[in-house]
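Novice: What follows is input.txt, compact mmCIF, C-alpha atoms.
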# COMPACT_ATOMS: atom_id res chain seq x y z
CA MET R 1 75.20 101.13 95.97
CA ILE R 2 74.98 99.61 92.51
CA ARG R 3 77.02 101.13 89.71
CA ARG R 4 76.24 100.08 86.22
CA MET R 5 78.33 101.15 83.25
CA SER R 6 76.56 103.58 80.94
CA ASN R 7 75.14 102.15 77.78
CA ARG R 8 76.64 104.45 75.22
CA GLY R 9 78.06 102.37 72.41
CA ARG R 10 81.69 101.49 71.93
CA LEU R 11 83.91 101.49 74.98
CA VAL R 12 86.53 104.25 74.93
CA ILE R 13 89.67 103.28 76.82
CA GLY R 14 92.54 105.42 78.10
CA VAL R 15 95.76 103.64 79.04
CA LEU R 16 98.27 104.85 81.65
CA GLY R 17 101.71 103.27 81.80
CA SER R 18 105.27 103.91 82.91
CA GLY R 19 107.19 101.10 81.23
CA LYS R 20 107.42 98.81 78.26
CA GLY R 21 103.67 98.49 77.85
CA SER R 22 103.29 94.78 77.08
CA ASN R 23 99.79 94.80 78.55
CA ALA R 24 98.90 97.88 76.48
CA GLN R 25 100.12 95.93 73.45
CA ALA R 26 97.83 93.04 74.42
CA ILE R 27 94.91 95.48 74.31
CA PHE R 28 95.97 96.95 70.94
CA ASP R 29 96.33 93.42 69.52
CA ALA R 30 92.95 92.27 70.82
CA ILE R 31 91.27 95.28 69.21
CA ARG R 32 93.13 94.86 65.92
CA GLU R 33 92.26 91.16 65.82
CA LYS R 34 88.62 91.98 66.64
CA ARG R 35 88.68 89.95 69.85
CA LEU R 36 87.82 93.14 71.71
CA ASP R 37 85.25 95.62 70.45
CA ALA R 38 86.60 98.83 71.98
CA CYS R 39 88.88 101.72 71.12
CA VAL R 40 91.97 103.09 72.83
CA ALA R 41 91.63 106.87 72.63
CA CYS R 42 94.97 107.74 74.21
CA VAL R 43 98.02 106.45 76.04
CA LEU R 44 99.48 108.66 78.75
CA SER R 45 102.80 108.16 80.51
CA ASP R 46 104.63 109.80 83.37
CA VAL R 47 107.96 108.64 81.88
CA GLU R 48 108.96 110.63 78.84
CA ASP R 49 110.87 107.85 77.06
CA ALA R 50 108.68 104.95 78.17
CA PHE R 51 108.34 102.36 75.40
CA ILE R 52 104.57 102.28 75.94
CA LEU R 53 104.38 105.67 74.18
CA GLU R 54 106.35 104.35 71.23
CA ARG R 55 104.09 101.28 71.01
CA ALA R 56 101.02 103.53 70.98
CA ARG R 57 102.43 105.73 68.20
CA ARG R 58 103.24 102.64 66.12
CA ALA R 59 99.62 101.55 66.59
CA GLY R 60 98.42 104.99 65.50
CA ILE R 61 97.13 105.89 68.97
CA PRO R 62 97.59 109.39 70.43
CA ALA R 63 100.40 109.16 72.99
CA ARG R 64 101.37 111.84 75.44
CA PHE R 65 103.95 112.29 78.17
CA ILE R 66 102.45 114.16 81.11
CA SER R 67 104.80 114.94 83.96
CA ALA R 68 103.62 113.84 87.38
CA ALA R 69 106.29 115.86 89.19
CA PRO R 70 106.98 116.85 91.89
CA PHE R 71 105.70 113.56 93.36
CA ARG R 72 107.62 110.35 92.74
CA THR R 73 105.22 107.56 93.67
CA LYS R 74 101.73 109.05 93.46
CA LEU R 75 99.50 110.99 91.10
CA GLU R 76 98.12 113.97 92.95
CA GLY R 77 97.55 117.72 92.87
CA GLU R 78 98.21 119.63 89.66
CA ALA R 79 99.58 116.55 87.86
CA GLU R 80 96.47 114.58 88.74
CA ARG R 81 94.34 117.39 87.29
CA ARG R 82 96.38 117.31 84.07
CA TYR R 83 95.79 113.57 83.70
CA VAL R 84 92.04 113.84 84.39
CA GLU R 85 91.78 116.70 81.92
CA ALA R 86 93.59 114.78 79.18
CA LEU R 87 91.48 111.65 79.74
CA ARG R 88 88.29 113.74 79.51
CA GLU R 89 89.57 115.52 76.42
CA TYR R 90 89.85 112.12 74.71
CA GLY R 91 86.38 111.08 75.90
CA VAL R 92 87.77 108.21 77.99
CA GLU R 93 85.22 106.09 79.81
CA VAL R 94 87.49 103.42 81.30
CA VAL R 95 91.08 104.01 82.44
CA VAL R 96 93.47 101.05 82.32
CA LEU R 97 96.58 101.06 84.48
CA ALA R 98 99.09 99.08 82.45
CA GLY R 99 102.25 99.19 84.51
CA PHE R 100 101.58 102.72 85.76
CA MET R 101 103.97 103.05 88.69
CA ARG R 102 102.04 105.61 90.73
CA ILE R 103 99.39 105.41 93.40
CA ILE R 104 96.04 106.73 92.20
CA LYS R 105 94.57 109.25 94.64
CA ARG R 106 91.18 110.68 95.43
CA GLY R 107 90.81 113.19 92.58
CA MET R 108 91.28 110.61 89.87
CA LEU R 109 89.13 108.02 91.68
CA ALA R 110 86.32 110.56 91.96
CA ALA R 111 86.61 111.50 88.27
CA PHE R 112 86.38 107.83 87.19
CA PRO R 113 84.40 105.99 89.88
CA HIS R 114 84.64 102.22 89.29
CA ARG R 115 86.08 102.97 85.91
CA ILE R 116 89.80 102.57 86.64
CA VAL R 117 91.05 99.05 85.98
CA ASN R 118 94.29 97.56 87.26
CA LEU R 119 95.99 94.24 86.68
CA HIS R 120 97.80 92.58 89.57
CA PRO R 121 100.10 89.57 89.08
CA ALA R 122 98.62 87.44 91.89
CA LEU R 123 95.36 85.86 92.95
CA LEU R 124 94.24 88.68 95.23
CA PRO R 125 93.69 89.01 98.15
CA ALA R 126 96.83 86.86 98.33
CA PHE R 127 100.13 88.67 97.71
CA PRO R 128 99.24 92.34 97.23
CA GLY R 129 102.06 94.83 96.70
CA MET R 130 105.37 94.47 94.89
CA GLU R 131 106.87 91.39 93.19
CA SER R 132 103.89 89.25 94.05
CA TRP R 133 105.19 86.30 91.99
CA LYS R 134 108.24 86.27 94.25
CA GLN R 135 106.04 86.44 97.36
CA ALA R 136 104.03 83.50 95.97
CA LEU R 137 107.13 81.38 95.36
CA GLU R 138 108.50 82.15 98.81
CA TYR R 139 105.18 81.22 100.43
CA GLY R 140 105.15 77.95 98.52
CA VAL R 141 101.72 78.12 96.86
CA LYS R 142 100.98 75.60 94.12
CA VAL R 143 98.72 77.87 92.09
CA ALA R 144 99.36 81.49 91.19
CA GLY R 145 97.69 83.83 88.73
CA CYS R 146 96.57 87.35 88.03
CA THR R 147 93.66 89.59 88.95
CA VAL R 148 91.93 92.35 86.99
CA HIS R 149 90.24 94.68 89.46
CA PHE R 150 88.77 98.12 89.80
CA VAL R 151 91.03 100.52 91.65
CA ASP R 152 89.88 101.86 94.99
CA ALA R 153 91.65 103.86 97.71
CA GLY R 154 93.49 100.78 99.03
CA THR R 155 96.47 98.90 97.63
CA ASP R 156 95.22 96.10 95.37
CA THR R 157 91.95 95.91 97.29
CA GLY R 158 89.31 96.98 94.76
CA PRO R 159 86.39 94.89 93.41
CA ILE R 160 87.57 91.98 91.25
CA LEU R 161 86.47 91.69 87.64
CA LEU R 162 88.31 88.55 86.64
CA GLN R 163 91.07 86.18 87.75
CA LYS R 164 93.23 83.73 85.81
CA VAL R 165 95.16 80.84 87.33
CA VAL R 166 98.55 79.38 86.47
CA PRO R 167 100.28 76.41 88.12
CA VAL R 168 103.49 76.83 90.08
CA LEU R 169 105.83 74.16 88.73
CA GLU R 170 108.67 72.29 90.40
CA GLY R 171 111.87 74.19 89.66
CA ASP R 172 110.17 77.55 89.03
CA THR R 173 112.26 80.67 89.55
CA PRO R 174 110.75 84.14 90.02
CA ALA R 175 111.46 84.75 86.32
CA THR R 176 109.76 81.60 84.99
CA LEU R 177 106.72 82.04 87.22
CA HIS R 178 106.43 85.73 86.32
CA ALA R 179 106.57 84.90 82.61
CA ARG R 180 103.80 82.32 82.99
CA ILE R 181 101.64 84.83 84.87
CA GLN R 182 102.27 87.53 82.26
CA GLU R 183 101.00 85.23 79.51
CA GLN R 184 97.70 85.06 81.39
CA GLU R 185 97.71 88.81 82.01
CA HIS R 186 97.67 89.31 78.26
CA VAL R 187 94.58 87.10 78.10
CA ALA R 188 92.89 88.46 81.21
CA LEU R 189 93.04 92.17 80.45
CA PRO R 190 91.36 92.09 77.01
CA GLU R 191 88.80 89.61 78.37
CA ALA R 192 87.94 91.89 81.30
CA LEU R 193 87.70 94.91 79.00
CA GLY R 194 85.44 92.83 76.77
CA LEU R 195 83.00 92.42 79.67
CA LEU R 196 83.01 96.20 80.18
CA ALA R 197 82.66 96.81 76.42
CA ALA R 198 79.68 94.46 76.31
CA ARG R 199 78.08 96.52 79.12
CA ARG R 200 77.70 93.36 81.17
CA VAL R 201 79.35 94.61 84.37
CA ARG R 202 77.57 95.80 87.49
CA VAL R 203 79.41 96.62 90.73
CA GLU R 204 77.54 96.06 93.99
CA GLY R 205 79.66 96.86 97.04
CA ARG R 206 82.77 94.68 96.66
CA ILE R 207 81.13 92.33 94.19
CA VAL R 208 81.44 92.64 90.42
CA HIS R 209 78.45 91.01 88.75
CA CYS R 210 78.55 89.94 85.12
CA ASP R 211 75.04 89.84 83.71
CA MET G 1 116.16 71.81 107.04
CA ILE G 2 115.05 69.20 104.54
CA ARG G 3 112.66 66.52 105.65
CA ARG G 4 112.12 63.58 103.43
CA MET G 5 109.51 60.92 104.09
CA SER G 6 110.98 57.59 105.07
CA ASN G 7 111.06 54.95 102.40
CA ARG G 8 109.36 52.09 104.15
CA GLY G 9 106.80 50.66 101.78
CA ARG G 10 103.08 51.27 101.92
CA LEU G 11 101.93 54.52 103.51
CA VAL G 12 100.02 53.96 106.76
CA ILE G 13 97.46 56.69 107.38
CA GLY G 14 95.61 57.65 110.56
CA VAL G 15 92.52 59.82 110.19
CA LEU G 16 91.20 62.24 112.81
CA GLY G 17 87.70 63.69 112.45
CA SER G 18 84.85 65.17 114.41
CA GLY G 19 82.00 65.11 111.91
CA LYS G 20 80.43 63.31 109.01
CA GLY G 21 83.75 62.30 107.48
CA SER G 22 83.11 62.89 103.78
CA ASN G 23 86.82 63.49 103.22
CA ALA G 24 87.66 60.31 105.10
CA GLN G 25 85.24 58.53 102.78
CA ALA G 26 87.06 60.02 99.77
CA ILE G 27 90.26 58.40 101.09
CA PHE G 28 88.56 55.03 101.72
CA ASP G 29 87.08 55.11 98.20
CA ALA G 30 90.38 56.02 96.56
CA ILE G 31 92.09 53.11 98.30
CA ARG G 32 89.28 50.66 97.48
CA GLU G 33 89.32 51.74 93.83
CA LYS G 34 93.12 51.43 93.76
CA ARG G 35 93.60 55.12 92.90
CA LEU G 36 95.62 55.44 96.12
CA ASP G 37 98.14 52.85 97.23
CA ALA G 38 97.98 53.34 100.99
CA CYS G 39 96.19 51.95 104.00
CA VAL G 40 94.09 53.61 106.70
CA ALA G 41 95.11 51.97 109.95
CA CYS G 42 92.65 53.76 112.22
CA VAL G 43 90.09 56.52 112.49
CA LEU G 44 89.97 58.46 115.75
CA SER G 45 87.30 60.91 116.80
CA ASP G 46 86.79 63.29 119.69
CA VAL G 47 83.01 63.04 119.17
CA GLU G 48 81.55 59.77 120.36
CA ASP G 49 78.69 59.58 117.85
CA ALA G 50 80.49 61.22 114.90
CA PHE G 51 79.45 59.59 111.63
CA ILE G 52 83.11 59.34 110.59
CA LEU G 53 83.47 56.44 113.09
CA GLU G 54 80.47 54.66 111.57
CA ARG G 55 81.90 55.15 108.06
CA ALA G 56 85.20 53.64 109.20
CA ARG G 57 83.49 50.61 110.75
CA ARG G 58 81.50 50.04 107.56
CA ALA G 59 84.79 50.12 105.64
CA GLY G 60 86.30 47.62 108.07
CA ILE G 61 88.70 50.14 109.57
CA PRO G 62 89.42 50.27 113.34
CA ALA G 63 87.52 53.26 114.71
CA ARG G 64 87.88 54.67 118.17
CA PHE G 65 86.37 57.51 120.16
CA ILE G 66 89.03 59.17 122.31
CA SER G 67 87.84 61.94 124.58
CA ALA G 68 89.74 65.21 124.30
CA ALA G 69 88.18 66.66 127.45
CA PRO G 70 88.54 68.89 129.38
CA PHE G 71 89.52 71.15 126.47
CA ARG G 72 86.88 72.19 123.95
CA THR G 73 88.84 73.56 120.98
CA LYS G 74 92.32 72.11 121.24
CA LEU G 75 94.10 68.79 121.62
CA GLU G 76 96.54 69.07 124.48
CA GLY G 77 97.81 67.47 127.67
CA GLU G 78 96.62 64.00 128.62
CA ALA G 79 94.19 63.79 125.67
CA GLU G 80 96.97 64.67 123.24
CA ARG G 81 99.09 61.90 124.73
CA ARG G 82 96.20 59.42 124.27
CA TYR G 83 95.91 60.35 120.60
CA VAL G 84 99.63 60.10 119.94
CA GLU G 85 99.73 56.75 121.71
CA ALA G 86 96.84 55.36 119.67
CA LEU G 87 98.34 56.58 116.40
CA ARG G 88 101.66 54.95 117.29
CA GLU G 89 99.91 51.77 118.33
CA TYR G 90 98.47 51.51 114.81
CA GLY G 91 101.84 52.29 113.21
CA VAL G 92 100.58 55.51 111.65
CA GLU G 93 103.06 57.41 109.53
CA VAL G 94 100.86 60.23 108.24
CA VAL G 95 97.97 61.79 110.17
CA VAL G 96 95.11 63.27 108.16
CA LEU G 97 92.86 65.86 109.74
CA ALA G 98 89.50 65.29 108.08
CA GLY G 99 87.19 67.76 109.74
CA PHE G 100 88.91 67.44 113.12
CA MET G 101 87.61 70.47 115.01
CA ARG G 102 90.53 70.97 117.38
CA ILE G 103 93.77 72.90 117.24
CA ILE G 104 96.80 70.64 117.07
CA LYS G 105 99.41 71.61 119.67
CA ARG G 106 103.09 71.08 120.19
CA GLY G 107 103.10 67.51 121.49
CA MET G 108 101.32 66.11 118.46
CA LEU G 109 103.34 68.26 116.03
CA ALA G 110 106.56 66.98 117.61
CA ALA G 111 105.38 63.37 117.42
CA PHE G 112 104.53 63.69 113.69
CA PRO G 113 106.82 66.40 112.26
CA HIS G 114 105.65 67.33 108.74
CA ARG G 115 103.45 64.27 108.83
CA ILE G 116 100.11 65.86 109.78
CA VAL G 117 98.05 66.84 106.76
CA ASN G 118 95.10 69.22 106.74
CA LEU G 119 92.67 70.28 104.05
CA HIS G 120 91.50 73.89 103.97
CA PRO G 121 88.60 75.03 101.77
CA ALA G 122 90.37 78.06 100.24
CA LEU G 123 93.42 78.95 98.19
CA LEU G 124 95.71 79.73 101.11
CA PRO G 125 97.14 82.14 102.13
CA ALA G 126 93.82 83.75 101.16
CA PHE G 127 90.95 83.18 103.58
CA PRO G 128 92.37 81.22 106.50
CA GLY G 129 90.08 80.40 109.40
CA MET G 130 86.40 79.56 109.52
CA GLU G 131 83.88 79.46 106.66
CA SER G 132 86.47 80.43 104.10
CA TRP G 133 84.05 79.93 101.19
CA LYS G 134 81.85 82.61 102.75
CA GLN G 135 84.86 84.91 103.19
CA ALA G 136 85.73 84.34 99.52
CA LEU G 137 82.22 85.21 98.34
CA GLU G 138 82.12 88.33 100.48
CA TYR G 139 85.48 89.46 99.16
CA GLY G 140 84.29 88.93 95.61
CA VAL G 141 87.04 86.67 94.24
CA LYS G 142 86.40 84.96 90.90
CA VAL G 143 88.38 81.82 91.68
CA ALA G 144 88.25 79.79 94.88
CA GLY G 145 89.57 76.36 95.75
CA CYS G 146 91.13 74.18 98.40
CA THR G 147 94.58 73.59 99.85
CA VAL G 148 96.16 70.43 101.24
CA HIS G 149 98.95 71.45 103.60
CA PHE G 150 101.12 70.17 106.40
CA VAL G 151 100.05 71.42 109.80
CA ASP G 152 102.38 73.72 111.70
CA ALA G 153 101.94 75.78 114.85
CA GLY G 154 99.99 78.52 113.01
CA THR G 155 96.42 78.57 111.75
CA ASP G 156 96.34 77.29 108.15
CA THR G 157 99.93 78.44 107.59
CA GLY G 158 101.86 75.21 107.02
CA PRO G 159 103.77 74.17 103.87
CA ILE G 160 101.42 73.54 100.92
CA LEU G 161 101.31 70.14 99.24
CA LEU G 162 98.67 70.79 96.63
CA GLN G 163 95.93 73.24 95.62
CA LYS G 164 92.84 72.83 93.46
CA VAL G 165 90.92 75.67 91.88
CA VAL G 166 87.19 76.13 91.28
CA PRO G 167 85.46 79.08 89.62
CA VAL G 168 83.13 81.35 91.54
CA LEU G 169 80.00 81.61 89.41
CA GLU G 170 77.46 84.40 89.05
CA GLY G 171 74.63 83.66 91.47
CA ASP G 172 76.72 81.51 93.82
CA THR G 173 75.57 81.24 97.43
CA PRO G 174 77.82 80.10 100.27
CA ALA G 175 76.21 76.65 99.91
CA THR G 176 76.74 76.26 96.15
CA LEU G 177 80.34 77.50 96.33
CA HIS G 178 81.09 75.27 99.32
CA ALA G 179 79.68 72.24 97.47
CA ARG G 180 81.87 72.98 94.43
CA ILE G 181 84.94 73.30 96.65
CA GLN G 182 84.12 70.05 98.48
CA GLU G 183 84.05 68.16 95.18
CA GLN G 184 87.64 69.25 94.62
CA GLU G 185 88.57 68.43 98.23
CA HIS G 186 87.60 64.84 97.53
CA VAL G 187 89.99 64.88 94.56
CA ALA G 188 92.78 66.84 96.24
CA LEU G 189 93.15 64.80 99.42
CA PRO G 190 93.69 61.37 97.79
CA GLU G 191 95.97 63.00 95.21
CA ALA G 192 98.11 64.61 97.92
CA LEU G 193 98.26 61.36 99.88
CA GLY G 194 99.28 59.66 96.65
CA LEU G 195 102.33 61.93 96.46
CA LEU G 196 103.24 60.98 100.02
CA ALA G 197 102.57 57.30 99.34
CA ALA G 198 104.85 57.45 96.30
CA ARG G 199 107.59 58.89 98.54
CA ARG G 200 107.90 61.85 96.20
CA VAL G 201 107.58 64.61 98.81
CA ARG G 202 110.40 66.63 100.31
CA VAL G 203 109.82 69.65 102.57
CA GLU G 204 112.42 72.43 102.52
CA GLY G 205 111.52 75.34 104.78
CA ARG G 206 108.06 76.45 103.60
CA ILE G 207 108.37 74.73 100.24
CA VAL G 208 107.04 71.27 99.46
CA HIS G 209 109.00 69.75 96.59
CA CYS G 210 107.61 66.87 94.56
CA ASP G 211 110.41 64.89 93.02
Will you turn the file into C-alpha cells for me?

Specialist:
Amino acid sequence: MIRRMSNRGRLVIGVLGSGKGSNAQAIFDAIREKRLDACVACVLSDVEDAFILERARRAGIPARFISAAPFRTKLEGEAERRYVEALREYGVEVVVLAGFMRIIKRGMLAAFPHRIVNLHPALLPAFPGMESWKQALEYGVKVAGCTVHFVDAGTDTGPILLQKVVPVLEGDTPATLHARIQEQEHVALPEALGLLAARRVRVEGRIVHCD
Amino acid sequence: MIRRMSNRGRLVIGVLGSGKGSNAQAIFDAIREKRLDACVACVLSDVEDAFILERARRAGIPARFISAAPFRTKLEGEAERRYVEALREYGVEVVVLAGFMRIIKRGMLAAFPHRIVNLHPALLPAFPGMESWKQALEYGVKVAGCTVHFVDAGTDTGPILLQKVVPVLEGDTPATLHARIQEQEHVALPEALGLLAARRVRVEGRIVHCD
C-alpha cells in the first residue's frame, strides 16, 4: 500500500510532549527562521507544568494540558479520544512526538495513519527503547545518531524518514554522547518535517520514498 | 580484562579469504602506497582456485590453499590446527578475515585472542548475518555502512574497532548499495589495521579504545 501525503498547502503540525520541549523549540526556531515552511497549530502535554507548554506560549502557539489519566505509560481510551479531538480541532495534519512519554495506541494511529512522527536518539534498528545513547556506549559502537520515523504499533519500529550520524569519541560519557546526538536531533526533526511540508514523502510498506 | 597489543615493531598480518579478495587487495595497495605501515606475511584460502591466492602471488605474497574439509561452514578440528600452524609459521600477529566463508571456532580464537579482525558490511549491531545490505534496504534505513571488529564466539558481535557510514539513496538496489558500502570497506580495513599497526588499540571488555 502506498500512502502519499495530501497536497493541501502549508503543513499543519501538532506537537505532543511531556518535558522540556527542546525538540519542539527546534521546530519553532526553524519556522521562525524560515528554514521550515510549516505551522505549529498546537502543543499538547500530558504533564500540566511541562516546560514545553511554556515554550509554546512564549512562541504564541496554543498550548494545552490534556490529562492522560488513569494510564501512566500509554495514551488510550477516553484520554486518547481527547487528544485526537483536540488535534482535529486545530486542523493538525502531522503529529510530532517531541519527548512525549506515552505509548501511542491503535485509536491515535488510526486517526493519523503514517502521520505521527517520532524522533529516536539512535540509528534504528540498533538500540530501540530507553537511554539508547547509553546502550550504544555500552555496546562500543563508533558511530551513533538519531532517527526520525513514522510511529507504528511497535516500539521504535516504524518507517524511517531520515537519519543523522554522529561519531562516538574516545572518552565519551553517556552525557557527552547524548548532547552530541541531541544537536543532530535539532537538525533532523525540522529537516524531516521539511520533506513532509514539501509534499515529497511517499510511504510504501516499510520504505519512505522522497520524490 | 584489558588487552593491549604487544609493542614489537611492524605489524605482521595474515589474511584468510575464500573469494575474489578485493579487501585483501585494498590492504596490499595501502601497504604499497605507504598508507599502511604493516606487512602481509601470508594469504591462506580454503578454496583452491580462489582469486585471492592469485592476487597474493601477483603481489609477491606467500599464498597457500589449506583444505578445511570435512567441514563446509566452519574451521575446526584438524583443519583449524593446520591454519593456526601456518599462521604461526609466518609469524602472524593479526589475522584478517577478508571474505573467509567459515565460522571461526574456539581453537583459532584462543590462538589469536583479540587479534582476529573481520569486516561486516553493516553498521553493527544492526543487520548481522548474510546480505546485510539487502536487510538494510528492506528495513528502510537511510544510512548504512560497514564495521571492522574483532571476532569473538558470536556472529558479528565482537568489539568494534571502526565504522564507516554511507547514505542510502532514493532508487538504490541491493547492488548499488553494496557497491557503495564496499568502497568504504576498502577505506575502513586499512585504516583499522593502521590503528593496530600504530599500537594504539586497547580492548577493555566490549570497548575498543584508541589511545

Novice: Draw an axis-aligned box tight on the listed atoms of range 86-93 of chain R, then pad every side by 4 Å and write out centre and edge lengths in Å to one decimal as JSON.

Specialist:
{"center_x": 89.4, "center_y": 110.8, "center_z": 77.3, "size_x": 16.4, "size_y": 17.4, "size_z": 13.1}

Novice: Name the residues, using the chain letters and numbers of the file, that sit within 12 Å of (88.9, 59.1, 125.9) when counting only C-alpha atoms, and give them as a PyMOL selection string.

Specialist: chain G and resi 44-48+64-70+75+78-83+85-86

Novice: Would you give me, as JSON lines, each residue of chain R having an atom within 10 Å of an atom of chain G, along with its shortest atom pair and that distance in Å to one decimal, using all atoms listed in the file and sorting by chain and residue number?

Specialist:
{"residue": "R:Leu123", "atom": "CA", "partner": "G:Val143", "partner_atom": "CA", "distance": 8.2}
{"residue": "R:Leu124", "atom": "CA", "partner": "G:Val141", "partner_atom": "CA", "distance": 7.5}
{"residue": "R:Pro125", "atom": "CA", "partner": "G:Ala126", "partner_atom": "CA", "distance": 6.1}
{"residue": "R:Ala126", "atom": "CA", "partner": "G:Ala126", "partner_atom": "CA", "distance": 5.2}
{"residue": "R:Phe127", "atom": "CA", "partner": "G:Pro125", "partner_atom": "CA", "distance": 8.4}
{"residue": "R:Ala136", "atom": "CA", "partner": "G:Pro125", "partner_atom": "CA", "distance": 9.3}
{"residue": "R:Leu137", "atom": "CA", "partner": "G:Ile207", "partner_atom": "CA", "distance": 8.3}
{"residue": "R:Glu138", "atom": "CA", "partner": "G:Arg206", "partner_atom": "CA", "distance": 7.5}
{"residue": "R:Tyr139", "atom": "CA", "partner": "G:Arg206", "partner_atom": "CA", "distance": 6.4}
{"residue": "R:Gly140", "atom": "CA", "partner": "G:Ile207", "partner_atom": "CA", "distance": 4.9}
{"residue": "R:Val141", "atom": "CA", "partner": "G:Ile160", "partner_atom": "CA", "distance": 6.1}
{"residue": "R:Lys142", "atom": "CA", "partner": "G:Gln163", "partner_atom": "CA", "distance": 5.8}
{"residue": "R:Val143", "atom": "CA", "partner": "G:Gln163", "partner_atom": "CA", "distance": 6.5}
{"residue": "R:Ala144", "atom": "CA", "partner": "G:Leu123", "partner_atom": "CA", "distance": 9.5}
{"residue": "R:Gly145", "atom": "CA", "partner": "G:Val143", "partner_atom": "CA", "distance": 10.0}
{"residue": "R:Thr147", "atom": "CA", "partner": "G:Lys142", "partner_atom": "CA", "distance": 8.8}
{"residue": "R:His149", "atom": "CA", "partner": "G:Val141", "partner_atom": "CA", "distance": 9.9}
{"residue": "R:Thr157", "atom": "CA", "partner": "G:Tyr139", "partner_atom": "CA", "distance": 9.3}
{"residue": "R:Gly158", "atom": "CA", "partner": "G:Tyr139", "partner_atom": "CA", "distance": 9.5}
{"residue": "R:Pro159", "atom": "CA", "partner": "G:Gly140", "partner_atom": "CA", "distance": 6.7}
{"residue": "R:Ile160", "atom": "CA", "partner": "G:Val141", "partner_atom": "CA", "distance": 6.1}
{"residue": "R:Leu161", "atom": "CA", "partner": "G:Lys142", "partner_atom": "CA", "distance": 7.5}
{"residue": "R:Leu162", "atom": "CA", "partner": "G:Lys142", "partner_atom": "CA", "distance": 5.9}
{"residue": "R:Gln163", "atom": "CA", "partner": "G:Lys142", "partner_atom": "CA", "distance": 5.8}
{"residue": "R:Lys164", "atom": "CA", "partner": "G:Val143", "partner_atom": "CA", "distance": 7.9}
{"residue": "R:Val165", "atom": "CA", "partner": "G:Val165", "partner_atom": "CA", "distance": 8.1}
{"residue": "R:Pro167", "atom": "CA", "partner": "G:Gln163", "partner_atom": "CA", "distance": 9.2}
{"residue": "R:Leu169", "atom": "CA", "partner": "G:Cys210", "partner_atom": "CA", "distance": 9.5}
{"residue": "R:Glu170", "atom": "CA", "partner": "G:His209", "partner_atom": "CA", "distance": 6.7}
{"residue": "R:Gly171", "atom": "CA", "partner": "G:His209", "partner_atom": "CA", "distance": 8.7}
{"residue": "R:Glu204", "atom": "CA", "partner": "G:Gly140", "partner_atom": "CA", "distance": 10.0}
{"residue": "R:Gly205", "atom": "CA", "partner": "G:Gly140", "partner_atom": "CA", "distance": 9.3}
{"residue": "R:Arg206", "atom": "CA", "partner": "G:Gly140", "partner_atom": "CA", "distance": 6.0}
{"residue": "R:Ile207", "atom": "CA", "partner": "G:Gly140", "partner_atom": "CA", "distance": 4.9}
{"residue": "R:Val208", "atom": "CA", "partner": "G:Gly140", "partner_atom": "CA", "distance": 7.0}
{"residue": "R:His209", "atom": "CA", "partner": "G:Glu170", "partner_atom": "CA", "distance": 6.7}
{"residue": "R:Cys210", "atom": "CA", "partner": "G:Glu170", "partner_atom": "CA", "distance": 6.9}
{"residue": "R:Asp211", "atom": "CA", "partner": "G:Glu170", "partner_atom": "CA", "distance": 8.0}

Novice: Set the distance at 8 Å and use only C-alpha atoms: which residues neighbour range 23-34 of chain G once local chain neighbours fewer than 2 positions away are removed? I'd like the list as a ChimeraX atom specification.

Specialist: /G:15,21,36-40,52,55,59,98-99,185-187,189-190

Novice: Counting all atoms listed in the file, note down every residue that has an atom within 12 Å of the point (88.5, 109.2, 94.5) (file coordinates), as a PyMOL selection string.

Specialist: chain R and resi 75-76+80+84+103-116+151-154

Novice: Hey, can you check how far CA of Val92 in chain G sits from CA of Arg202 in chain G?

Specialist: 18.7 Å

Novice: State, in Å with one decimal place, the distance from CA of Val94 in chain R to CA of Ile13 in chain R.

Specialist: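 Those two atoms sit 5.0 Å apart.
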
Novice: Using only C-alpha atoms, which of R:Val203, R:His120, R:Gly91, R:Leu97 sits nearest Ser18 in chain R?

Specialist: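 For Ser18 in chain R, the nearest of the candidates is R:Leu97.
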
Novice: Mind checking which residues fall within 9 Å of Ala197 in chain R, counting only C-alpha atoms, ignoring those fewer than 4 positions away in the same chain, and posting them as number ranges by chain?

Specialist: R: 9-12, 36-38, 192-193, 201

Novice: Can you work out the spacing between CA of Gly14 in chain G and CA of Phe71 in chain G in Å, to one decimal?

Specialist: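 So the two atoms, CA of Gly14 in chain G and CA of Phe71 in chain G, lie 21.7 Å apart.
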